[in-house]
$ cat model14.cif   # mmCIF, C-alpha atoms and all ligand atoms
data_protein
#
loop_
_atom_site.label_atom_id
_atom_site.label_comp_id
_atom_site.auth_asym_id
_atom_site.auth_seq_id
_atom_site.Cartn_x
_atom_site.Cartn_y
_atom_site.Cartn_z
CA MET P 1 3.29 114.52 149.90
CA PRO P 2 1.15 115.56 152.87
CA ALA P 3 2.40 114.19 156.17
CA ASP P 4 0.60 111.08 157.41
CA GLY P 5 -0.82 113.18 160.22
CA ASP P 6 -2.37 115.63 157.73
CA LEU P 7 -4.00 112.78 155.82
CA ALA P 8 -5.28 111.23 159.04
CA GLU P 9 -6.70 114.57 160.14
CA ALA P 10 -8.34 115.14 156.74
CA ALA P 11 -9.81 111.63 156.91
CA SER P 12 -11.29 112.37 160.31
CA VAL P 13 -12.74 115.65 158.99
CA LEU P 14 -14.44 113.61 156.25
CA ARG P 15 -15.80 111.09 158.73
CA SER P 16 -17.25 113.83 160.88
CA GLY P 17 -19.15 115.43 158.00
CA GLY P 18 -16.61 118.04 156.85
CA LEU P 19 -15.39 119.03 153.40
CA VAL P 20 -11.90 118.12 152.23
CA ALA P 21 -10.47 119.28 148.91
CA PHE P 22 -7.95 116.75 147.66
CA PRO P 23 -5.76 116.16 144.62
CA THR P 24 -6.67 113.59 142.01
CA GLU P 25 -4.97 112.89 138.71
CA THR P 26 -7.87 114.54 136.85
CA VAL P 27 -8.62 117.75 138.77
CA TYR P 28 -8.91 118.60 142.48
CA GLY P 29 -12.03 117.16 144.13
CA LEU P 30 -14.22 118.59 146.88
CA GLY P 31 -14.92 115.55 149.04
CA ALA P 32 -17.53 114.65 151.62
CA ASN P 33 -18.63 111.38 153.20
CA ALA P 34 -20.92 109.87 150.56
CA LEU P 35 -22.88 107.95 153.22
CA ASP P 36 -23.84 111.20 154.97
CA ALA P 37 -26.60 113.24 153.31
CA ARG P 38 -25.80 116.37 155.34
CA ALA P 39 -22.14 116.23 154.39
CA ALA P 40 -23.09 115.82 150.72
CA ALA P 41 -25.44 118.79 151.02
CA ARG P 42 -22.49 120.92 152.12
CA ILE P 43 -20.79 120.20 148.78
CA PHE P 44 -23.73 121.64 146.85
CA GLU P 45 -23.74 124.67 149.16
CA ALA P 46 -19.99 125.32 148.94
CA LYS P 47 -19.99 125.09 145.13
CA ALA P 48 -23.36 126.81 144.63
CA ARG P 49 -24.01 123.67 142.59
CA PRO P 50 -27.62 123.09 141.51
CA GLY P 51 -29.23 120.11 143.21
CA PHE P 52 -29.89 118.41 139.89
CA ASP P 53 -26.17 117.90 139.15
CA PRO P 54 -25.19 114.55 140.71
CA LEU P 55 -21.82 113.85 142.36
CA ILE P 56 -19.23 111.18 141.57
CA THR P 57 -18.57 108.75 144.41
CA HIS P 58 -14.89 107.89 144.88
CA LEU P 59 -13.59 104.60 146.26
CA ALA P 60 -10.09 103.73 147.48
CA ASP P 61 -9.83 100.45 145.61
CA VAL P 62 -11.42 98.42 142.83
CA ALA P 63 -12.23 95.77 145.42
CA ASP P 64 -14.53 98.24 147.21
CA LEU P 65 -17.02 98.41 144.32
CA VAL P 66 -19.04 95.21 144.67
CA PRO P 67 -19.30 95.35 148.48
CA LEU P 68 -20.88 98.81 148.08
CA VAL P 69 -23.08 98.39 145.01
CA GLY P 70 -23.52 94.63 144.59
CA PRO P 71 -22.91 92.71 141.36
CA VAL P 72 -22.34 94.88 138.28
CA PRO P 73 -22.86 94.12 134.57
CA PRO P 74 -19.89 92.35 132.93
CA ALA P 75 -18.87 95.35 130.79
CA VAL P 76 -18.78 97.57 133.88
CA ALA P 77 -16.64 95.02 135.72
CA ALA P 78 -14.32 94.70 132.73
CA LEU P 79 -13.81 98.47 132.46
CA ALA P 80 -13.21 98.80 136.21
CA ALA P 81 -10.68 95.98 136.09
CA ARG P 82 -8.88 97.52 133.13
CA PHE P 83 -8.91 101.24 133.94
CA TRP P 84 -9.14 101.59 137.74
CA PRO P 85 -7.46 103.25 139.43
CA GLY P 86 -7.69 105.93 136.78
CA PRO P 87 -9.67 108.70 135.09
CA LEU P 88 -12.75 106.66 134.18
CA THR P 89 -16.13 107.10 135.90
CA LEU P 90 -18.68 104.31 135.55
CA ILE P 91 -22.44 104.36 135.99
CA VAL P 92 -23.99 101.75 138.31
CA ASP P 93 -27.27 101.37 140.18
CA ARG P 94 -27.36 103.56 143.29
CA PRO P 95 -27.07 101.34 146.37
CA ALA P 96 -29.36 101.95 149.34
CA ALA P 97 -26.37 103.01 151.47
CA ILE P 98 -25.84 106.10 149.32
CA PRO P 99 -28.39 108.85 150.09
CA PRO P 100 -30.31 110.15 147.06
CA ILE P 101 -28.86 113.66 147.41
CA VAL P 102 -25.51 112.29 146.19
CA THR P 103 -27.07 111.20 142.88
CA SER P 104 -29.53 114.11 142.70
CA GLY P 105 -32.33 111.60 143.03
CA LEU P 106 -31.18 109.45 140.12
CA ALA P 107 -31.51 105.69 140.45
CA THR P 108 -27.95 105.47 139.16
CA MET P 109 -24.65 106.48 140.69
CA ALA P 110 -21.39 107.59 139.09
CA VAL P 111 -18.36 105.95 140.69
CA ARG P 112 -14.60 105.88 140.23
CA VAL P 113 -11.33 104.87 141.87
CA PRO P 114 -8.84 107.73 141.45
CA GLU P 115 -5.23 106.92 140.79
CA HIS P 116 -3.61 109.75 142.75
CA GLU P 117 -1.93 108.25 145.77
CA HIS P 118 -3.07 110.98 148.19
CA ALA P 119 -6.66 110.53 147.08
CA ARG P 120 -6.58 106.78 147.56
CA ARG P 121 -4.87 107.02 150.93
CA LEU P 122 -7.32 109.68 152.07
CA ILE P 123 -10.36 107.64 151.07
CA ALA P 124 -8.91 104.47 152.57
CA ALA P 125 -8.14 106.29 155.83
CA ALA P 126 -11.64 107.78 155.94
CA GLY P 127 -13.07 104.29 155.53
CA VAL P 128 -16.12 105.61 153.67
CA PRO P 129 -16.92 106.28 150.01
CA VAL P 130 -16.22 109.92 149.20
CA ALA P 131 -18.56 112.00 147.05
CA ALA P 132 -16.48 114.57 145.21
CA PRO P 133 -17.19 116.88 142.31
CA SER P 134 -14.50 119.21 141.06
CA ALA P 135 -13.44 121.69 143.77
CA ASN P 136 -14.62 124.87 142.02
CA ARG P 137 -17.72 127.00 142.12
CA PHE P 138 -20.36 125.66 139.76
CA GLY P 139 -19.78 126.41 136.10
CA GLN P 140 -16.31 127.88 136.60
CA LEU P 141 -12.85 126.64 135.66
CA SER P 142 -11.85 123.35 137.21
CA PRO P 143 -8.94 123.46 139.70
CA THR P 144 -5.72 121.68 138.79
CA ARG P 145 -3.70 123.14 141.66
CA ALA P 146 -4.38 123.55 145.38
CA GLU P 147 -4.09 127.32 144.98
CA HIS P 148 -6.97 127.29 142.47
CA VAL P 149 -9.13 125.65 145.14
CA VAL P 150 -8.13 128.14 147.80
CA ARG P 151 -8.80 131.06 145.46
CA GLY P 152 -12.17 129.71 144.29
CA LEU P 153 -13.68 128.17 147.41
CA GLY P 154 -11.63 129.58 150.29
CA ALA P 155 -13.32 129.34 153.64
CA ALA P 156 -16.09 127.07 152.36
CA VAL P 157 -13.65 124.14 152.61
CA ASP P 158 -12.44 122.71 155.93
CA VAL P 159 -9.16 121.25 154.62
CA VAL P 160 -7.25 121.62 151.33
CA LEU P 161 -4.62 118.95 150.66
CA ASP P 162 -1.91 120.04 148.26
CA GLY P 163 -0.73 117.28 145.95
CA GLY P 164 0.86 119.46 143.29
CA PRO P 165 -0.52 120.00 139.79
CA SER P 166 -3.00 117.41 138.51
CA ARG P 167 -1.36 114.99 136.07
CA CYS P 168 -4.26 114.73 133.59
CA GLY P 169 -5.67 118.19 134.20
CA ILE P 170 -9.05 117.35 132.74
CA GLU P 171 -12.04 115.56 134.26
CA SER P 172 -12.69 111.84 134.11
CA THR P 173 -14.42 110.24 131.16
CA ILE P 174 -17.94 109.16 132.21
CA VAL P 175 -19.27 105.96 130.65
CA ASP P 176 -22.55 104.14 131.01
CA ALA P 177 -21.59 100.55 130.16
CA ARG P 178 -24.73 98.90 131.48
CA GLY P 179 -26.33 98.44 128.08
CA ALA P 180 -25.42 96.55 124.93
CA ARG P 181 -23.20 99.37 123.67
CA PRO P 182 -21.34 101.69 126.05
CA VAL P 183 -22.31 105.35 125.99
CA VAL P 184 -19.81 108.09 126.78
CA LEU P 185 -21.73 110.70 128.79
CA ARG P 186 -18.77 113.04 129.17
CA LEU P 187 -15.54 113.16 127.19
CA GLY P 188 -12.58 113.23 129.53
CA ALA P 189 -9.09 112.18 130.48
CA LEU P 190 -9.45 108.62 129.20
CA PRO P 191 -9.61 108.88 125.40
CA VAL P 192 -12.58 107.23 123.71
CA GLU P 193 -10.13 105.27 121.54
CA GLU P 194 -8.71 103.58 124.66
CA LEU P 195 -12.17 102.62 125.87
CA ALA P 196 -13.17 101.19 122.54
CA LYS P 197 -10.17 98.87 122.60
CA VAL P 198 -11.79 97.11 125.58
CA THR P 199 -15.48 97.43 124.80
CA GLY P 200 -15.70 97.62 121.04
CA PRO P 201 -17.59 100.53 119.44
CA VAL P 202 -18.93 103.18 121.82
CA THR P 203 -21.51 105.89 121.35
CA VAL P 204 -20.43 109.40 122.34
CA ARG P 205 -23.17 111.62 123.66
CA PRO P 206 -21.34 114.89 124.20
CA GLY P 207 -24.24 117.17 124.97
CA SER P 208 -27.60 116.65 126.50
CA SER P 209 -30.40 118.98 125.68
CA GLY P 210 -33.41 119.04 127.97
CA GLN P 211 -33.07 117.04 131.19
CA PRO P 212 -29.32 116.72 131.65
CA VAL P 213 -28.11 113.19 132.34
CA ALA P 214 -24.64 114.57 133.05
CA PRO P 215 -24.76 118.28 133.78
CA GLY P 216 -21.00 118.46 133.23
CA THR P 217 -22.32 118.30 129.70
CA LEU P 218 -24.48 121.43 129.98
CA ALA P 219 -23.70 123.86 127.19
CA ALA P 220 -22.12 126.50 129.41
CA HIS P 221 -19.55 125.15 131.87
CA TYR P 222 -15.84 125.13 132.72
CA ALA P 223 -15.83 128.87 132.05
CA PRO P 224 -13.37 131.59 133.00
CA ARG P 225 -14.81 134.89 134.25
CA THR P 226 -13.34 136.57 131.20
CA PRO P 227 -15.38 136.11 127.99
CA LEU P 228 -13.82 133.37 125.88
CA ARG P 229 -14.06 133.19 122.11
CA LEU P 230 -13.21 129.92 120.40
CA LEU P 231 -11.83 130.16 116.89
CA ALA P 232 -13.08 127.81 114.20
CA ALA P 233 -11.00 124.71 113.58
CA GLY P 234 -8.60 125.17 110.70
CA GLY P 235 -9.75 128.78 110.44
CA PRO P 236 -7.67 131.62 109.07
CA ALA P 237 -4.60 132.62 111.03
CA VAL P 238 -5.50 134.84 113.93
CA GLY P 239 -5.03 138.56 113.50
CA GLY P 240 -2.00 139.99 115.23
CA ALA P 241 -1.60 143.47 116.57
CA LYS P 242 -3.07 145.14 113.52
CA ALA P 243 -6.34 143.24 113.71
CA MET P 244 -6.83 144.17 117.32
CA PRO P 245 -8.99 147.15 118.29
CA ALA P 246 -6.78 149.72 119.94
CA GLY P 247 -6.83 149.70 123.70
CA LEU P 248 -8.46 146.29 124.03
CA ARG P 249 -6.25 143.90 125.96
CA ARG P 250 -6.79 140.37 124.84
CA GLY P 251 -5.30 137.04 125.82
CA TYR P 252 -4.60 134.14 123.50
CA LEU P 253 -4.69 130.42 124.20
CA ALA P 254 -2.61 128.63 121.59
CA PHE P 255 -2.10 124.93 120.99
CA ARG P 256 1.51 124.69 119.75
CA ASP P 257 2.47 127.87 117.89
CA ARG P 258 2.87 131.29 119.41
CA PRO P 259 0.55 133.76 117.64
CA ALA P 260 1.88 136.91 115.98
CA GLY P 261 2.35 139.87 118.35
CA GLY P 262 0.06 142.24 120.12
CA TRP P 263 -1.52 139.95 122.70
CA ALA P 264 -1.48 141.12 126.30
CA ALA P 265 -1.02 137.50 127.44
CA VAL P 266 -0.31 134.27 125.60
CA GLU P 267 -0.49 130.70 126.88
CA LEU P 268 0.92 127.81 124.83
CA LEU P 269 -0.64 124.44 125.64
CA SER P 270 2.12 122.32 124.16
CA ALA P 271 5.04 123.55 122.07
CA ALA P 272 5.64 119.90 121.16
CA GLY P 273 2.06 119.53 119.90
CA ASP P 274 1.40 116.85 122.51
CA LEU P 275 -2.30 116.46 123.41
CA THR P 276 -1.62 114.87 126.79
CA GLU P 277 0.46 117.88 127.76
CA ALA P 278 -2.17 120.21 126.31
CA ALA P 279 -4.93 118.60 128.41
CA ALA P 280 -2.77 118.75 131.53
CA ARG P 281 -2.17 122.47 131.06
CA LEU P 282 -5.58 123.56 129.82
CA PHE P 283 -7.25 124.74 133.04
CA ASP P 284 -4.01 126.08 134.50
CA ALA P 285 -3.50 128.18 131.36
CA LEU P 286 -7.10 129.41 131.49
CA HIS P 287 -6.74 130.30 135.18
CA ARG P 288 -3.67 132.41 134.29
CA LEU P 289 -5.35 134.12 131.35
CA ASP P 290 -8.36 134.79 133.56
CA ALA P 291 -6.07 136.49 136.09
CA ALA P 292 -4.23 138.50 133.42
CA GLY P 293 -6.74 141.35 133.39
CA VAL P 294 -7.68 140.94 129.73
CA ALA P 295 -11.06 141.87 128.27
CA GLU P 296 -11.34 138.73 126.17
CA ILE P 297 -9.65 135.36 125.83
CA VAL P 298 -9.30 134.07 122.29
CA ALA P 299 -8.70 130.31 122.10
CA GLU P 300 -7.81 128.06 119.22
CA PRO P 301 -9.08 124.49 119.11
CA VAL P 302 -6.63 121.59 119.29
CA PRO P 303 -6.70 118.60 116.91
CA GLU P 304 -9.97 116.70 117.35
CA THR P 305 -8.43 113.33 118.20
CA GLY P 306 -7.68 111.38 121.40
CA LEU P 307 -7.53 113.74 124.38
CA GLY P 308 -7.99 116.64 121.96
CA ARG P 309 -11.70 115.82 121.83
CA ALA P 310 -12.07 116.42 125.57
CA VAL P 311 -9.97 119.61 125.39
CA ASN P 312 -12.13 121.00 122.58
CA ASP P 313 -15.28 119.96 124.44
CA ARG P 314 -14.18 122.05 127.46
CA LEU P 315 -13.28 125.01 125.24
CA ARG P 316 -16.64 124.91 123.47
CA ARG P 317 -18.48 124.94 126.80
CA ALA P 318 -16.28 127.70 128.18
CA ALA P 319 -17.13 129.73 125.09
CA ALA P 320 -20.81 128.82 125.27
CA THR P 321 -21.24 130.90 128.41
CA TRP P 322 -20.75 133.99 126.36
CA HIS P 323 -22.14 132.86 123.05
CA PRO P 324 -25.24 130.88 124.00
CA ALA P 325 -26.36 130.58 120.40
CA GLY P 326 -23.03 129.04 119.32
P1 LIG P 401 -17.73 116.98 138.39
O1 LIG P 401 -17.20 115.99 139.36
O2 LIG P 401 -17.87 118.36 138.91
O3 LIG P 401 -16.93 116.93 137.15
O4 LIG P 401 -19.18 116.53 138.02
C1 LIG P 401 -19.56 115.19 138.02
C2 LIG P 401 -20.18 114.82 136.73
O5 LIG P 401 -20.68 113.48 136.81
C3 LIG P 401 -21.37 115.68 136.37
O6 LIG P 401 -21.32 116.02 135.01
C4 LIG P 401 -22.54 114.78 136.66
O7 LIG P 401 -23.66 115.07 135.93
C5 LIG P 401 -21.97 113.42 136.30
N1 LIG P 401 -22.75 112.37 136.97
C6 LIG P 401 -22.79 112.12 138.27
N2 LIG P 401 -23.65 111.12 138.56
C7 LIG P 401 -24.19 110.72 137.38
C8 LIG P 401 -25.14 109.73 137.02
N3 LIG P 401 -25.74 108.94 137.92
N4 LIG P 401 -25.46 109.62 135.71
C9 LIG P 401 -24.85 110.41 134.80
N5 LIG P 401 -23.94 111.37 135.09
C10 LIG P 401 -23.61 111.52 136.37
MG MG P 402 -17.07 120.08 137.70
#
$ encode --input "model14.cif" --output "structure tokens" --more "lines below"
Ligand code: AMP
Ligand code: MG
Amino acid sequence: MPADGDLAEAASVLRSGGLVAFPTETVYGLGANALDARAAARIFEAKARPGFDPLITHLADVADLVPLVGPVPPAVAALAARFWPGPLTLIVDRPAAIPPIVTSGLATMAVRVPEHEHARRLIAAAGVPVAAPSANRFGQLSPTRAEHVVRGLGAAVDVVLDGGPSRCGIESTIVDARGARPVVLRLGALPVEELAKVTGPVTVRPGSSGQPVAPGTLAAHYAPRTPLRLLAAGGPAVGGAKAMPAGLRRGYLAFRDRPAGGWAAVELLSAAGDLTEAAARLFDALHRLDAAGVAEIVAEPVPETGLGRAVNDRLRRAAATWHPAG
């Protein structure tokens, strides 16, 4: 837990237009005052994030939503009441108080109340909504530890708050619930099955070709520097040492079972076969494999259910960087 003084100082950095990386239960965020266009611009600069990829605005409390954006559609209100604070991002109309740079010029705004106590206390202390994408350079692995932020963004950030490893480890689920049937724009830490219990059937739009509505859904994203190859679901067992070209060091990302020998580095997502644990460890495991000095990372998909859908979505995009046709 950061000392109260550290939180107060970080809050004052936010208010004065600075960048603060902070822990959330999903991944670490790179925050700026969402009411300040220049502060928001610094986020895009620090991340080398293209201007067309809008930011999520974070609030300290559910009660802060309507005062900022005005009345919201009933399904949006119901989802906020049920899942906030938590890893659900909702789409609302952009209020006039939020400068267009935050939403990349869209008439809509993505908004969420994070559950992590440091995040909520920071935002409350800042007294402003906080625009925060994941605290990584654009397209790269998301940070689930403070050290990932320091390694990836370093001096571009004014303050990094360390809140330990992120509990969910995967980004928020983004839902547009303004229409008759909710649309999932990005699979994430809140499983679609949980949403559907509240809203009834939902449509999942995992990828967007052409003009991206949610660029976190671009084909290539969440990628390690090392080329990543994703095995087919239910495919043949992976080759061990014999199948491996001599001299090529490769890393392996496994779901629950350790692969047969010969790998230079192996990461197990969950020996118990638990998808919540697998999601929580995904980016951390990829960060470690990326640092292991291997020429290629081979990953196996996890079961395509619950949080497994979001995990596989991230793995497909990480692999897409290197296999654009796939
Ligand atoms: P990040 O916080 O880095 O995970 O990125 C935020 C994600 O939210 C990106 O995929 C954005 O495209 C998405 N997003 C932000 N604002 C909107 C919006 N108004 N409509 C749809 N998606 C959005
Ligand atoms: Mg991101």
$ closest_residue --input "model14.cif" --among "P:Gly163, P:His287, P:Leu35, P:Ile101" --to "P:Phe52" --atoms "all atoms listed in the file"
P:Ile101
$ residues_around --input "model14.cif" --residues "P:Ala40" --least-positions-apart "6" --cutoff "10 Å" --atoms "only C-alpha atoms" --output "NGL selection string"
:P and (17-19 or 31-34 or 55 or 99-103 or 130-132)
$ residues_around --input "model14.cif" --residues "P:Ala156" --least-positions-apart "4" --cutoff "9 Å" --atoms "all atoms listed in the file" --output "MDAnalysis selection string"
chainID P and resid 19 42 45:47
$ residues_near_ligand --input "model14.cif" --ligand "ligand LIG 401 (chain P)" --cutoff "9 Å" --atoms "all atoms listed in the file" --output "number ranges by chain"
P: 27, 29-30, 49, 52-57, 89-94, 102-111, 131-136, 138-139, 142, 171-172, 174-176, 185-186, 212-218
$ atom_distance --input "model14.cif" --atom1 "atom CA of P:Ala39" --atom2 "atom CA of P:Pro114"
20.4 Å
$ residues_around --input "model14.cif" --residues "P:Thr199" --least-positions-apart "5" --cutoff "10 Å" --atoms "all atoms listed in the file" --output "number ranges by chain"
P: 75-76, 78-79, 177, 180-182, 194
$ closest_residue --input "model14.cif" --among "P:Arg314, P:Arg250, P:Arg256, P:Arg281" --to "ligand MG 402 (chain P)" --atoms "only C-alpha atoms and all ligand atoms"
P:Arg314
$ decode --input "model14.cif" --residues "stretch 1-13 of chain P" --atoms "N, CA, C and O atoms" --output "CSV table (one decimal), in the first residue's frame"
chain,number,residue,atom,x,y,z
P,1,MET,N,0.8,-1.2,0.0
P,1,MET,CA,0.0,0.0,0.0
P,1,MET,C,0.9,1.2,0.0
P,1,MET,O,1.7,1.4,0.9
P,2,PRO,N,0.7,2.1,-1.0
P,2,PRO,CA,1.5,3.3,-1.0
P,2,PRO,C,1.1,4.2,0.2
P,2,PRO,O,-0.1,4.2,0.6
P,3,ALA,N,2.0,4.9,0.8
P,3,ALA,CA,1.7,5.8,1.9
P,3,ALA,C,0.7,6.8,1.4
P,3,ALA,O,0.7,7.2,0.2
P,4,ASP,N,-0.1,7.4,2.4
P,4,ASP,CA,-1.1,8.4,2.0
P,4,ASP,C,-0.4,9.6,1.3
P,4,ASP,O,-0.9,10.1,0.4
P,5,GLY,N,0.8,9.9,1.8
P,5,GLY,CA,1.5,11.0,1.2
P,5,GLY,C,1.9,10.8,-0.3
P,5,GLY,O,1.8,11.7,-1.1
P,6,ASP,N,2.2,9.5,-0.6
P,6,ASP,CA,2.5,9.2,-2.0
P,6,ASP,C,1.3,9.3,-2.9
P,6,ASP,O,1.4,9.8,-4.0
P,7,LEU,N,0.2,8.8,-2.3
P,7,LEU,CA,-1.1,9.0,-3.1
P,7,LEU,C,-1.5,10.4,-3.3
P,7,LEU,O,-1.9,10.8,-4.4
P,8,ALA,N,-1.3,11.2,-2.2
P,8,ALA,CA,-1.6,12.6,-2.3
P,8,ALA,C,-0.7,13.3,-3.3
P,8,ALA,O,-1.2,14.2,-4.1
P,9,GLU,N,0.6,13.0,-3.3
P,9,GLU,CA,1.5,13.6,-4.3
P,9,GLU,C,1.1,13.2,-5.7
P,9,GLU,O,1.1,14.0,-6.6
P,10,ALA,N,0.8,11.9,-5.9
P,10,ALA,CA,0.4,11.4,-7.2
P,10,ALA,C,-0.8,12.1,-7.7
P,10,ALA,O,-0.9,12.5,-8.9
P,11,ALA,N,-1.8,12.3,-6.8
P,11,ALA,CA,-3.0,13.0,-7.1
P,11,ALA,C,-2.7,14.4,-7.6
P,11,ALA,O,-3.3,14.9,-8.5
P,12,SER,N,-1.8,15.1,-6.9
P,12,SER,CA,-1.5,16.4,-7.3
P,12,SER,C,-0.7,16.5,-8.6
P,12,SER,O,-0.9,17.4,-9.4
P,13,VAL,N,0.1,15.5,-8.9
P,13,VAL,CA,0.7,15.4,-10.2
P,13,VAL,C,-0.3,15.3,-11.3
P,13,VAL,O,-0.3,15.9,-12.3
